[in-house]
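Asker: I'm passing along work.tsv; it holds TSV, C-alpha atoms.
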```tsv
chain	number	residue	atom	x	y	z
A	961	MET	CA	0.00	0.00	0.00
A	962	ALA	CA	1.65	3.11	-1.25
A	963	ILE	CA	-0.90	5.86	-1.04
A	964	LYS	CA	-0.41	8.19	1.92
A	965	VAL	CA	-3.56	9.84	3.15
A	966	ARG	CA	-4.68	12.47	5.54
A	967	ALA	CA	-7.60	11.19	7.48
A	968	THR	CA	-10.21	13.75	6.61
A	969	ARG	CA	-13.68	13.55	5.24
A	970	MET	CA	-12.54	15.56	2.22
A	971	GLU	CA	-9.96	12.94	1.32
A	972	LEU	CA	-12.47	10.19	1.76
A	973	LEU	CA	-14.86	11.80	-0.68
A	974	GLN	CA	-12.10	12.38	-3.19
A	975	PHE	CA	-10.92	8.80	-3.00
A	976	ARG	CA	-14.42	7.54	-3.50
A	977	LYS	CA	-14.65	9.60	-6.66
A	978	LYS	CA	-11.32	8.26	-7.86
A	979	VAL	CA	-12.35	4.67	-7.33
A	980	ALA	CA	-15.56	5.22	-9.23
A	981	LEU	CA	-13.59	6.69	-12.11
A	982	ALA	CA	-11.02	3.92	-12.08
A	983	LYS	CA	-13.75	1.30	-12.11
A	984	ARG	CA	-15.48	2.92	-15.03
A	985	GLY	CA	-12.20	3.12	-16.93
A	986	HIS	CA	-11.47	-0.47	-16.10
A	987	LYS	CA	-14.79	-1.61	-17.46
A	988	LEU	CA	-14.35	0.37	-20.66
A	989	LEU	CA	-10.85	-0.97	-21.22
A	990	LYS	CA	-11.99	-4.48	-20.55
A	991	ASP	CA	-14.73	-4.12	-23.13
A	992	LYS	CA	-12.18	-2.77	-25.56
A	993	LEU	CA	-9.91	-5.72	-24.91
A	994	ASP	CA	-12.74	-8.16	-25.54
A	995	GLU	CA	-13.58	-6.52	-28.83
A	996	LEU	CA	-9.94	-6.43	-29.89
A	997	MET	CA	-9.63	-10.11	-29.11
A	998	ARG	CA	-12.70	-10.91	-31.16
A	999	GLN	CA	-11.36	-8.98	-34.14
A	1000	PHE	CA	-7.96	-10.55	-33.66
A	1001	LYS	CA	-9.43	-14.03	-33.83
A	1002	ILE	CA	-11.28	-13.17	-37.03
A	1003	LEU	CA	-8.07	-11.86	-38.57
A	1004	ILE	CA	-6.13	-14.93	-37.62
A	1005	LYS	CA	-8.77	-17.21	-39.04
A	1006	GLU	CA	-8.47	-15.38	-42.34
A	1007	TYR	CA	-4.72	-15.35	-42.22
A	1008	GLU	CA	-4.21	-18.97	-41.32
A	1009	GLY	CA	-2.38	-20.98	-43.87
A	1010	ALA	CA	-2.19	-18.07	-46.28
A	1011	ARG	CA	1.50	-17.69	-45.73
A	1012	SER	CA	2.53	-21.30	-46.15
A	1013	GLU	CA	0.48	-21.51	-49.33
A	1014	LEU	CA	2.10	-18.39	-50.67
A	1015	GLU	CA	5.56	-19.60	-49.81
A	1016	LYS	CA	4.89	-22.79	-51.70
A	1017	GLU	CA	3.81	-20.89	-54.79
A	1018	LEU	CA	6.69	-18.50	-54.51
A	1019	ASN	CA	9.06	-21.41	-54.45
A	1020	ILE	CA	7.59	-22.71	-57.69
A	1021	ALA	CA	8.01	-19.29	-59.23
A	1022	TYR	CA	11.59	-19.11	-58.06
A	1023	GLY	CA	12.23	-22.50	-59.61
A	1024	GLU	CA	10.85	-21.36	-62.95
A	1025	PHE	CA	12.89	-18.24	-62.78
A	1026	LEU	CA	16.05	-20.19	-62.08
A	1027	PHE	CA	15.44	-22.27	-65.19
A	1028	ALA	CA	14.97	-19.12	-67.21
A	1029	ARG	CA	18.14	-17.71	-65.82
A	1030	ALA	CA	20.07	-20.80	-66.62
A	1031	ALA	CA	18.82	-20.72	-70.19
A	1032	MET	CA	19.96	-17.14	-70.70
A	1033	THR	CA	23.12	-15.18	-70.39
A	1034	GLU	CA	23.33	-12.80	-67.45
A	1035	PRO	CA	23.42	-9.60	-69.52
A	1036	GLY	CA	20.64	-10.91	-71.71
A	1037	LEU	CA	18.40	-11.44	-68.70
A	1038	LEU	CA	19.19	-8.04	-67.30
A	1039	ASP	CA	18.45	-6.50	-70.65
A	1040	ALA	CA	15.13	-8.24	-70.92
A	1041	LEU	CA	14.09	-7.03	-67.49
A	1042	ARG	CA	15.64	-3.60	-67.63
A	1043	TYR	CA	12.54	-1.72	-68.63
A	1044	PRO	CA	9.50	-3.03	-66.84
A	1045	GLY	CA	6.50	-3.04	-69.11
A	1046	ALA	CA	4.05	-3.40	-66.29
A	1047	ALA	CA	3.49	-1.05	-63.42
A	1048	ALA	CA	2.29	-2.48	-60.16
A	1049	LYS	CA	0.43	0.17	-58.23
A	1050	VAL	CA	-1.11	-0.11	-54.84
A	1051	GLN	CA	-4.17	1.81	-53.82
A	1052	THR	CA	-4.07	2.36	-50.11
A	1053	SER	CA	-7.15	3.06	-48.10
A	1054	LYS	CA	-7.74	2.86	-44.41
A	1055	ARG	CA	-9.99	0.91	-42.21
A	1056	LYS	CA	-10.52	1.23	-38.52
A	1057	ILE	CA	-10.73	-1.33	-35.79
A	1058	MET	CA	-11.38	0.45	-32.51
A	1059	ASN	CA	-8.70	3.15	-32.36
A	1060	LEU	CA	-6.36	1.47	-34.81
A	1061	ILE	CA	-5.96	2.54	-38.38
A	1062	LEU	CA	-5.22	-0.40	-40.62
A	1063	PRO	CA	-4.17	-0.17	-44.23
A	1064	VAL	CA	-6.16	-1.80	-46.99
A	1065	PHE	CA	-4.27	-2.40	-50.18
A	1066	GLU	CA	-5.69	-2.85	-53.57
A	1067	ILE	CA	-3.22	-3.80	-56.23
A	1068	SER	CA	-3.44	-3.17	-59.91
A	1069	ILE	CA	-0.91	-4.37	-62.45
A	1070	ASP	CA	-1.18	-2.40	-65.64
A	1071	GLY	CA	0.60	-3.05	-68.86
A	1072	ASN	CA	2.25	-6.06	-70.34
A	1073	VAL	CA	4.67	-8.03	-68.25
A	1074	ARG	CA	6.46	-9.35	-71.32
A	1075	ASN	CA	8.23	-6.26	-72.43
A	1076	TYR	CA	10.98	-7.98	-74.31
A	1077	GLY	CA	11.60	-9.69	-77.60
A	1078	MET	CA	10.37	-13.20	-78.22
A	1079	PHE	CA	13.55	-14.12	-79.94
A	1080	ASP	CA	16.26	-14.19	-77.33
A	1081	THR	CA	14.30	-15.17	-74.23
A	1082	PRO	CA	13.28	-18.69	-73.28
A	1083	ALA	CA	9.71	-19.70	-72.61
A	1084	GLU	CA	10.56	-20.36	-68.99
A	1085	LEU	CA	10.95	-16.66	-68.40
A	1086	ASP	CA	7.43	-16.00	-69.63
A	1087	GLU	CA	6.08	-18.65	-67.35
A	1088	ALA	CA	8.03	-17.48	-64.35
A	1089	LEU	CA	6.83	-13.94	-64.81
A	1090	GLU	CA	3.30	-15.16	-65.28
A	1091	VAL	CA	3.49	-16.92	-61.91
A	1092	TYR	CA	5.04	-13.86	-60.31
A	1093	LYS	CA	2.23	-11.76	-61.65
A	1094	ARG	CA	-0.32	-14.15	-60.23
A	1095	ILE	CA	1.14	-14.24	-56.75
A	1096	LEU	CA	1.98	-10.57	-56.34
A	1097	PRO	CA	-1.60	-9.71	-55.29
A	1098	HIS	CA	-1.41	-12.50	-52.75
A	1099	ILE	CA	1.80	-11.06	-51.37
A	1100	VAL	CA	0.18	-7.67	-51.00
A	1101	LYS	CA	-2.81	-9.25	-49.32
A	1102	LEU	CA	-0.47	-11.07	-46.97
A	1103	ALA	CA	1.31	-7.82	-46.17
A	1104	GLU	CA	-2.01	-6.25	-45.32
A	1105	GLN	CA	-3.02	-9.12	-43.07
A	1106	GLU	CA	0.29	-9.30	-41.28
A	1107	LYS	CA	0.26	-5.57	-40.70
A	1108	ALA	CA	-3.20	-5.79	-39.22
A	1109	ILE	CA	-2.22	-8.70	-37.00
A	1110	SER	CA	0.91	-7.04	-35.70
A	1111	LEU	CA	-0.84	-3.74	-35.01
A	1112	LEU	CA	-3.67	-5.50	-33.26
A	1113	ALA	CA	-1.32	-7.70	-31.27
A	1114	ARG	CA	0.45	-4.63	-29.97
A	1115	GLU	CA	-2.75	-2.92	-29.03
A	1116	ILE	CA	-3.98	-6.00	-27.22
A	1117	ASP	CA	-0.74	-6.17	-25.31
A	1118	THR	CA	-0.88	-2.58	-24.07
A	1119	THR	CA	-4.59	-2.68	-23.37
A	1120	ARG	CA	-4.19	-5.77	-21.28
A	1121	ARG	CA	-1.41	-4.13	-19.35
A	1122	ARG	CA	-3.66	-1.19	-18.60
A	1123	VAL	CA	-6.56	-3.39	-17.57
A	1124	ASN	CA	-4.34	-5.36	-15.24
A	1125	ALA	CA	-2.72	-2.27	-13.79
A	1126	LEU	CA	-6.13	-0.89	-12.94
A	1127	GLU	CA	-7.55	-4.14	-11.71
A	1128	TYR	CA	-4.69	-5.38	-9.58
A	1129	LYS	CA	-2.88	-2.23	-8.58
A	1130	LEU	CA	-4.75	1.05	-8.71
A	1131	ILE	CA	-8.20	-0.04	-7.62
A	1132	PRO	CA	-7.02	-2.19	-4.66
A	1133	GLU	CA	-4.72	0.60	-3.52
A	1134	LEU	CA	-7.46	3.17	-3.63
A	1135	GLU	CA	-9.81	0.88	-1.78
A	1136	GLU	CA	-7.17	0.25	0.83
A	1137	ALA	CA	-6.71	3.99	1.24
A	1138	ILE	CA	-10.43	4.50	1.66
A	1139	ARG	CA	-10.51	1.79	4.28
A	1140	SER	CA	-7.71	3.32	6.29
A	1141	VAL	CA	-9.29	6.78	6.18
A	1142	ARG	CA	-12.59	5.36	7.30
A	1143	LEU	CA	-11.00	3.44	10.14
A	1144	LYS	CA	-9.21	6.54	11.34
A	1145	LEU	CA	-12.33	8.67	11.11
A	1146	ASP	CA	-14.30	6.07	13.05
A	1147	GLU	CA	-11.60	5.94	15.68
A	1148	MET	CA	-11.65	9.70	16.02
A	1149	GLU	CA	-15.42	9.65	16.27
A	1150	ARG	CA	-15.26	7.14	19.08
A	1151	GLY	CA	-12.55	9.11	20.85
A	1152	ASN	CA	-14.63	12.22	20.60
A	1153	LEU	CA	-17.68	10.45	21.95
A	1154	THR	CA	-15.91	9.15	25.06
A	1155	ARG	CA	-14.42	12.55	25.66
A	1156	LEU	CA	-17.84	14.15	25.51
A	1157	MET	CA	-19.23	11.57	27.89
A	1158	LYS	CA	-16.38	12.22	30.29
A	1159	VAL	CA	-16.87	15.97	30.10
A	1160	LYS	CA	-20.56	15.61	30.70
A	1161	GLU	CA	-19.87	13.46	33.75
A	1162	MET	CA	-17.49	16.06	35.13
A	1163	VAL	CA	-19.96	18.87	34.53
A	1164	GLU	CA	-22.72	16.98	36.28
A	1165	GLU	CA	-20.48	16.21	39.23
A	1166	LYS	CA	-19.70	19.87	39.61
A	1167	ARG	CA	-23.35	20.78	39.46
A	1168	GLU	CA	-24.18	18.23	42.17
A	1169	LYS	CA	-21.49	19.67	44.39
A	1170	ASN	CA	-22.78	23.19	43.86
A	1171	ARG	CA	-26.31	22.19	44.69
A	1172	ALA	CA	-25.23	20.44	47.88
B	574	MET	CA	-6.90	6.94	-50.53
B	575	SER	CA	-3.48	7.23	-52.03
B	576	HIS	CA	-1.28	5.60	-54.57
B	577	GLY	CA	1.72	3.70	-53.40
B	578	GLU	CA	4.48	1.59	-54.67
B	579	ILE	CA	5.78	-1.83	-53.91
B	580	ALA	CA	9.43	-2.49	-53.28
B	581	PHE	CA	11.43	-5.66	-52.90
B	582	LEU	CA	14.67	-5.63	-50.98
B	583	GLY	CA	16.80	-8.72	-51.33
B	584	ASP	CA	19.46	-10.62	-53.18
B	585	ALA	CA	19.58	-10.37	-56.97
B	586	ASP	CA	18.20	-13.78	-57.81
B	587	SER	CA	15.13	-13.52	-55.63
B	588	VAL	CA	14.35	-9.97	-56.59
B	589	LEU	CA	14.96	-9.80	-60.29
B	590	GLY	CA	11.80	-11.44	-61.52
B	591	PHE	CA	9.62	-8.90	-59.81
B	592	ARG	CA	11.22	-6.09	-61.72
B	593	ALA	CA	9.19	-7.00	-64.78
B	594	LEU	CA	6.03	-6.33	-62.77
B	595	GLY	CA	7.01	-2.78	-62.01
B	596	VAL	CA	8.06	-3.54	-58.47
B	597	GLU	CA	10.96	-1.43	-57.33
B	598	THR	CA	13.75	-3.91	-56.82
B	599	ILE	CA	16.72	-3.12	-54.66
B	600	VAL	CA	19.82	-5.21	-54.25
B	601	PRO	CA	21.83	-3.73	-51.39
B	602	ASP	CA	25.62	-4.01	-51.37
B	603	ASP	CA	25.93	-4.66	-47.65
B	604	ALA	CA	24.03	-4.40	-44.38
B	605	ASP	CA	24.56	-0.65	-44.09
B	606	ASP	CA	23.28	-0.06	-47.57
B	607	ALA	CA	20.26	-2.21	-46.84
B	608	ARG	CA	19.44	-0.11	-43.82
B	609	LYS	CA	19.80	3.11	-45.77
B	610	GLN	CA	17.65	1.86	-48.61
B	611	PHE	CA	15.00	0.68	-46.20
B	612	GLU	CA	14.85	4.05	-44.52
B	613	ARG	CA	14.59	5.74	-47.86
B	614	LEU	CA	11.64	3.53	-48.78
B	615	VAL	CA	9.94	4.38	-45.50
B	616	LYS	CA	10.41	8.08	-46.13
B	617	GLN	CA	8.99	7.73	-49.62
B	618	LYS	CA	5.89	6.19	-48.11
B	619	THR	CA	6.19	2.97	-50.02
B	620	SER	CA	3.06	0.96	-49.31
B	621	VAL	CA	4.44	-2.54	-49.26
B	622	ILE	CA	8.05	-3.44	-48.66
B	623	MET	CA	8.97	-7.02	-49.29
B	624	ILE	CA	12.23	-8.28	-47.88
B	625	THR	CA	13.90	-11.64	-47.99
B	626	GLU	CA	14.47	-13.64	-44.86
B	627	LYS	CA	18.18	-13.03	-45.04
B	628	MET	CA	17.67	-9.28	-44.99
B	629	MET	CA	15.70	-9.58	-41.80
B	630	ASP	CA	18.75	-9.84	-39.57
B	631	CYS	CA	20.27	-6.50	-40.48
B	632	LEU	CA	16.93	-4.72	-40.67
B	633	GLN	CA	15.61	-5.80	-37.29
B	634	GLU	CA	15.75	-2.29	-35.79
B	635	GLN	CA	14.25	-0.59	-38.79
B	636	MET	CA	11.39	-3.04	-38.88
B	637	GLU	CA	10.75	-2.44	-35.22
B	638	GLU	CA	10.38	1.26	-35.95
B	639	VAL	CA	7.69	0.87	-38.57
B	640	VAL	CA	5.63	-1.72	-36.75
B	641	HIS	CA	3.30	0.84	-35.23
B	642	MET	CA	2.86	2.79	-38.45
B	643	THR	CA	0.03	2.15	-40.84
B	644	ILE	CA	2.37	2.32	-43.79
B	645	PRO	CA	4.63	0.67	-44.88
B	646	ALA	CA	3.58	-2.89	-44.43
B	647	VAL	CA	6.67	-5.04	-44.32
B	648	VAL	CA	6.33	-8.61	-45.45
B	649	VAL	CA	9.08	-11.16	-45.07
B	650	LEU	CA	9.36	-13.60	-47.94
B	651	PRO	CA	11.60	-16.60	-48.37
B	652	GLY	CA	14.52	-16.03	-50.69
B	653	ILE	CA	15.32	-18.13	-53.70
B	654	THR	CA	17.39	-20.45	-51.54
B	655	GLY	CA	14.31	-21.75	-49.79
B	656	THR	CA	12.23	-20.98	-46.76
B	657	LEU	CA	13.41	-20.93	-43.20
B	658	LYS	CA	9.94	-20.18	-41.87
B	659	ARG	CA	11.23	-16.95	-40.40
B	660	GLY	CA	8.30	-14.86	-41.54
B	661	GLU	CA	5.75	-17.21	-40.09
B	662	ASP	CA	7.65	-17.45	-36.83
B	663	THR	CA	7.61	-13.70	-36.26
B	664	ILE	CA	3.87	-13.53	-36.70
B	665	ARG	CA	3.41	-16.56	-34.50
B	666	GLU	CA	5.51	-14.94	-31.80
B	667	LEU	CA	3.43	-11.79	-31.97
B	668	ILE	CA	0.27	-13.79	-31.56
B	669	ILE	CA	1.65	-15.68	-28.61
B	670	ARG	CA	2.74	-12.46	-26.95
B	671	ALA	CA	-0.63	-10.86	-27.43
B	672	VAL	CA	-2.93	-13.71	-26.57
B	673	GLY	CA	-0.77	-15.98	-24.48
B	674	VAL	CA	-1.47	-19.04	-26.57
B	675	ASP	CA	-0.53	-20.08	-30.05
B	676	LEU	CA	-3.82	-19.59	-31.83
B	677	MET	CA	-2.54	-20.74	-35.18
B	678	SER	CA	-1.16	-24.13	-34.31
B	679	ASP	CA	-4.13	-24.87	-32.05
B	680	GLU	CA	-6.51	-24.52	-34.93
B	681	GLN	CA	-4.40	-26.45	-37.33
B	682	LYS	CA	-4.62	-29.57	-35.23
```
Would you kindly transcribe this structure into structure tokens?

Answerer:
Amino acid sequence: MAIKVRATRMELLQFRKKVALAKRGHKLLKDKLDELMRQFKILIKEYEGARSELEKELNIAYGEFLFARAAMTEPGLLDALRYPGAAAKVQTSKRKIMNLILPVFEISIDGNVRNYGMFDTPAELDEALEVYKRILPHIVKLAEQEKAISLLAREIDTTRRRVNALEYKLIPELEEAIRSVRLKLDEMERGNLTRLMKVKEMVEEKREKNRA
Amino acid sequence: MSHGEIAFLGDADSVLGFRALGVETIVPDDADDARKQFERLVKQKTSVIMITEKMMDCLQEQMEEVVHMTIPAVVVLPGITGTLKRGEDTIRELIIRAVGVDLMSDEQK
């Protein structure tokens, strides 16, 4: 118990207000945490398995690309890929979960991926690029999901800390403080009462003596 | 709503194919260069930054910095040499830290 208090009625009232506030905040935060958790679970359900699937596909694409590379000379490959014919653009919009702003990506690939001559490039290159083109939207989707998950995970972490700090530290301490103030006030009340009784006794004694 | 770019930071073999799609491909010379390039991409407000698993080690700090930002979204992909499951592990770790249990593996069973 860390809170030092003066035992006055004023303090007592103030502490009562503080506890009420802390409890309200605690309830709000707890509700927030529940909602975050719910959203988090939805996200994870969507995300599950997406990555391993993507990695598998990416591996296939890499394999194709390696074949293409092997079939070409290094400068030839660089030449073929020097000027990209397609332009991958990402439209970013925002979506909100509680207080978090999450990005939503929408990808568009314009133009022709095959921006090189047919003559000096092997067919493998075409295929590899075709696969790359197919999985790029998945990669962007994955990026979006992972971003959302990591942002949410952080928020859950801090929110839980706050909830716990309120629940196990602040509120018990405040209640303890209230208790001690009340005990002291009660004690003073009792002390006062006995003193009054004593005084009254003394006064009455004096009066008796005077009358006699 | 805004337009953004995609960038891929990694070794030449993994990255090259994506150049044809209009993805900005960057092959850093060394760890320092990688860090510089990454910071440049962040400043340019690149929407999605893809990096290979190998790049992860030298970019740990930089990635930590952008975690709380909406943009860029960093996604870790396996390089051409095969997957080490690093990307999945980071996400899994995050989930465990947030929830306390491994939600993903539980549901896979």

Asker: Could you tell me how far CA of Leu988 in chain A sits from CA of Arg1142 in chain A, in Å to one decimal place?

Answerer: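 Calculated distance between CA of Arg1142 in chain A and CA of Leu988 in chain A is 28.5 Å.
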
Asker: I need the contact residues of chain A against chain B, so if you could list those with any atom within 6 Å, counting all atoms listed in the file, and return them as a ChimeraX atom specification, that would help.

Answerer: /A:1022,1041,1044,1046-1053,1062-1063,1073,1103,1107,1113,1116-1117

Asker: Please dump the current selection as an mmCIF file, keeping the file's coordinate frame; keep C-alpha atoms.

Answerer:
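See result_5.cif below for the written result:
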```cif
data_model
loop_
_atom_site.group_PDB
_atom_site.id
_atom_site.type_symbol
_atom_site.label_atom_id
_atom_site.label_comp_id
_atom_site.auth_asym_id
_atom_site.auth_seq_id
_atom_site.Cartn_x
_atom_site.Cartn_y
_atom_site.Cartn_z
ATOM 1 C CA TYR A 1022 11.590 -19.110 -58.060
ATOM 2 C CA LEU A 1041 14.090 -7.030 -67.490
ATOM 3 C CA PRO A 1044 9.500 -3.030 -66.840
ATOM 4 C CA ALA A 1046 4.050 -3.400 -66.290
ATOM 5 C CA ALA A 1047 3.490 -1.050 -63.420
ATOM 6 C CA ALA A 1048 2.290 -2.480 -60.160
ATOM 7 C CA LYS A 1049 0.430 0.170 -58.230
ATOM 8 C CA VAL A 1050 -1.110 -0.110 -54.840
ATOM 9 C CA GLN A 1051 -4.170 1.810 -53.820
ATOM 10 C CA THR A 1052 -4.070 2.360 -50.110
ATOM 11 C CA SER A 1053 -7.150 3.060 -48.100
ATOM 12 C CA LEU A 1062 -5.220 -0.400 -40.620
ATOM 13 C CA PRO A 1063 -4.170 -0.170 -44.230
ATOM 14 C CA VAL A 1073 4.670 -8.030 -68.250
ATOM 15 C CA ALA A 1103 1.310 -7.820 -46.170
ATOM 16 C CA LYS A 1107 0.260 -5.570 -40.700
ATOM 17 C CA ALA A 1113 -1.320 -7.700 -31.270
ATOM 18 C CA ILE A 1116 -3.980 -6.000 -27.220
ATOM 19 C CA ASP A 1117 -0.740 -6.170 -25.310
#
```

Asker: Need to verify the contact set: Ile599 in chain B, 7 Å, only C-alpha atoms, exclusion of same-chain residues closer than 4 positions in sequence. Can you return it as an NGL selection string?

Answerer: :B and (581-583)

Asker: Quote the spacing between CA of Gln974 in chain A and CA of Ile1138 in chain A in Å to one decimal place.

Answerer: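 Atom-to-atom, CA of Gln974 in chain A and CA of Ile1138 in chain A are spaced 9.4 Å apart.
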
Asker: May I ask for the distance between CA of Arg659 in chain B and CA of Ile1067 in chain A, given in Å to one decimal place?

Answerer: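 Separating CA of Arg659 in chain B from CA of Ile1067 in chain A is a distance of 25.1 Å.
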
Asker: Hey, what's within 8 Å of Lys1101 in chain A if we count all atoms listed in the file and toss same-chain stuff fewer than 4 positions away? As a CSV table (one decimal) with C-alpha atoms, keeping the file's coordinate frame, please?

Answerer:
```csv
chain,number,residue,atom,x,y,z
A,1065,PHE,CA,-4.3,-2.4,-50.2
A,1097,PRO,CA,-1.6,-9.7,-55.3
A,1105,GLN,CA,-3.0,-9.1,-43.1
```

Asker: Which is closer to Gln610 in chain B than all the others in B:Lys627, B:Thr598, B:Ala585, B:Glu637, using only C-alpha atoms?

Answerer: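 With only C-alpha atoms as the atom set, the closest residue is B:Thr598.
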
Asker: What lies within 10 Å of Lys978 in chain A using all atoms listed in the file, ignoring chain neighbours under 5 positions off, as a short mmCIF file (atom, residue, chain, number, x, y, z; two decimals) with C-alpha atoms, in the frame of the given file?

Answerer:
```cif
data_model
loop_
_atom_site.label_atom_id
_atom_site.label_comp_id
_atom_site.auth_asym_id
_atom_site.auth_seq_id
_atom_site.Cartn_x
_atom_site.Cartn_y
_atom_site.Cartn_z
CA LEU A 972 -12.47 10.19 1.76
CA LEU A 973 -14.86 11.80 -0.68
CA LYS A 983 -13.75 1.30 -12.11
CA ARG A 984 -15.48 2.92 -15.03
CA LEU A 1130 -4.75 1.05 -8.71
CA ILE A 1131 -8.20 -0.04 -7.62
CA LEU A 1134 -7.46 3.17 -3.63
CA GLU A 1135 -9.81 0.88 -1.78
#
```

Asker: Take range 969-987 of chain A, bring it up to N, CA and C atoms, and give me the output as an mmCIF file, keeping the file's coordinate frame.

Answerer:
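Below is the file result_1.cif, written as the result:
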```cif
data_model
loop_
_atom_site.group_PDB
_atom_site.id
_atom_site.type_symbol
_atom_site.label_atom_id
_atom_site.label_comp_id
_atom_site.auth_asym_id
_atom_site.auth_seq_id
_atom_site.Cartn_x
_atom_site.Cartn_y
_atom_site.Cartn_z
ATOM 1 N N ARG A 969 -12.497 13.902 6.016
ATOM 2 C CA ARG A 969 -13.680 13.550 5.240
ATOM 3 C C ARG A 969 -13.519 13.950 3.774
ATOM 4 N N MET A 970 -12.827 15.081 3.573
ATOM 5 C CA MET A 970 -12.540 15.560 2.220
ATOM 6 C C MET A 970 -11.831 14.479 1.409
ATOM 7 N N GLU A 971 -10.767 13.966 1.992
ATOM 8 C CA GLU A 971 -9.960 12.940 1.320
ATOM 9 C C GLU A 971 -10.828 11.747 0.983
ATOM 10 N N LEU A 972 -11.624 11.359 1.958
ATOM 11 C CA LEU A 972 -12.470 10.190 1.760
ATOM 12 C C LEU A 972 -13.360 10.375 0.534
ATOM 13 N N LEU A 973 -13.969 11.545 0.449
ATOM 14 C CA LEU A 973 -14.860 11.800 -0.680
ATOM 15 C C LEU A 973 -14.079 11.754 -1.990
ATOM 16 N N GLN A 974 -12.890 12.353 -1.966
ATOM 17 C CA GLN A 974 -12.100 12.380 -3.190
ATOM 18 C C GLN A 974 -11.699 10.970 -3.629
ATOM 19 N N PHE A 975 -11.306 10.170 -2.655
ATOM 20 C CA PHE A 975 -10.920 8.800 -3.000
ATOM 21 C C PHE A 975 -12.091 8.018 -3.560
ATOM 22 N N ARG A 976 -13.238 8.260 -2.989
ATOM 23 C CA ARG A 976 -14.420 7.540 -3.500
ATOM 24 C C ARG A 976 -14.656 7.896 -4.957
ATOM 25 N N LYS A 977 -14.469 9.172 -5.274
ATOM 26 C CA LYS A 977 -14.650 9.600 -6.660
ATOM 27 C C LYS A 977 -13.625 8.911 -7.561
ATOM 28 N N LYS A 978 -12.384 8.859 -7.062
ATOM 29 C CA LYS A 978 -11.320 8.260 -7.860
ATOM 30 C C LYS A 978 -11.597 6.792 -8.144
ATOM 31 N N VAL A 979 -12.050 6.093 -7.130
ATOM 32 C CA VAL A 979 -12.350 4.670 -7.330
ATOM 33 C C VAL A 979 -13.437 4.492 -8.364
ATOM 34 N N ALA A 980 -14.458 5.337 -8.271
ATOM 35 C CA ALA A 980 -15.560 5.220 -9.230
ATOM 36 C C ALA A 980 -15.036 5.421 -10.642
ATOM 37 N N LEU A 981 -14.161 6.413 -10.798
ATOM 38 C CA LEU A 981 -13.590 6.690 -12.110
ATOM 39 C C LEU A 981 -12.745 5.518 -12.602
ATOM 40 N N ALA A 982 -11.900 5.022 -11.710
ATOM 41 C CA ALA A 982 -11.020 3.920 -12.080
ATOM 42 C C ALA A 982 -11.834 2.701 -12.501
ATOM 43 N N LYS A 983 -12.941 2.474 -11.781
ATOM 44 C CA LYS A 983 -13.750 1.300 -12.110
ATOM 45 C C LYS A 983 -14.424 1.453 -13.464
ATOM 46 N N ARG A 984 -14.850 2.694 -13.731
ATOM 47 C CA ARG A 984 -15.480 2.920 -15.030
ATOM 48 C C ARG A 984 -14.453 2.728 -16.150
ATOM 49 N N GLY A 985 -13.263 3.287 -15.929
ATOM 50 C CA GLY A 985 -12.200 3.120 -16.930
ATOM 51 C C GLY A 985 -11.852 1.665 -17.124
ATOM 52 N N HIS A 986 -11.800 0.950 -16.039
ATOM 53 C CA HIS A 986 -11.470 -0.470 -16.100
ATOM 54 C C HIS A 986 -12.481 -1.229 -16.936
ATOM 55 N N LYS A 987 -13.749 -0.910 -16.712
ATOM 56 C CA LYS A 987 -14.790 -1.610 -17.460
ATOM 57 C C LYS A 987 -14.693 -1.299 -18.946
#
```
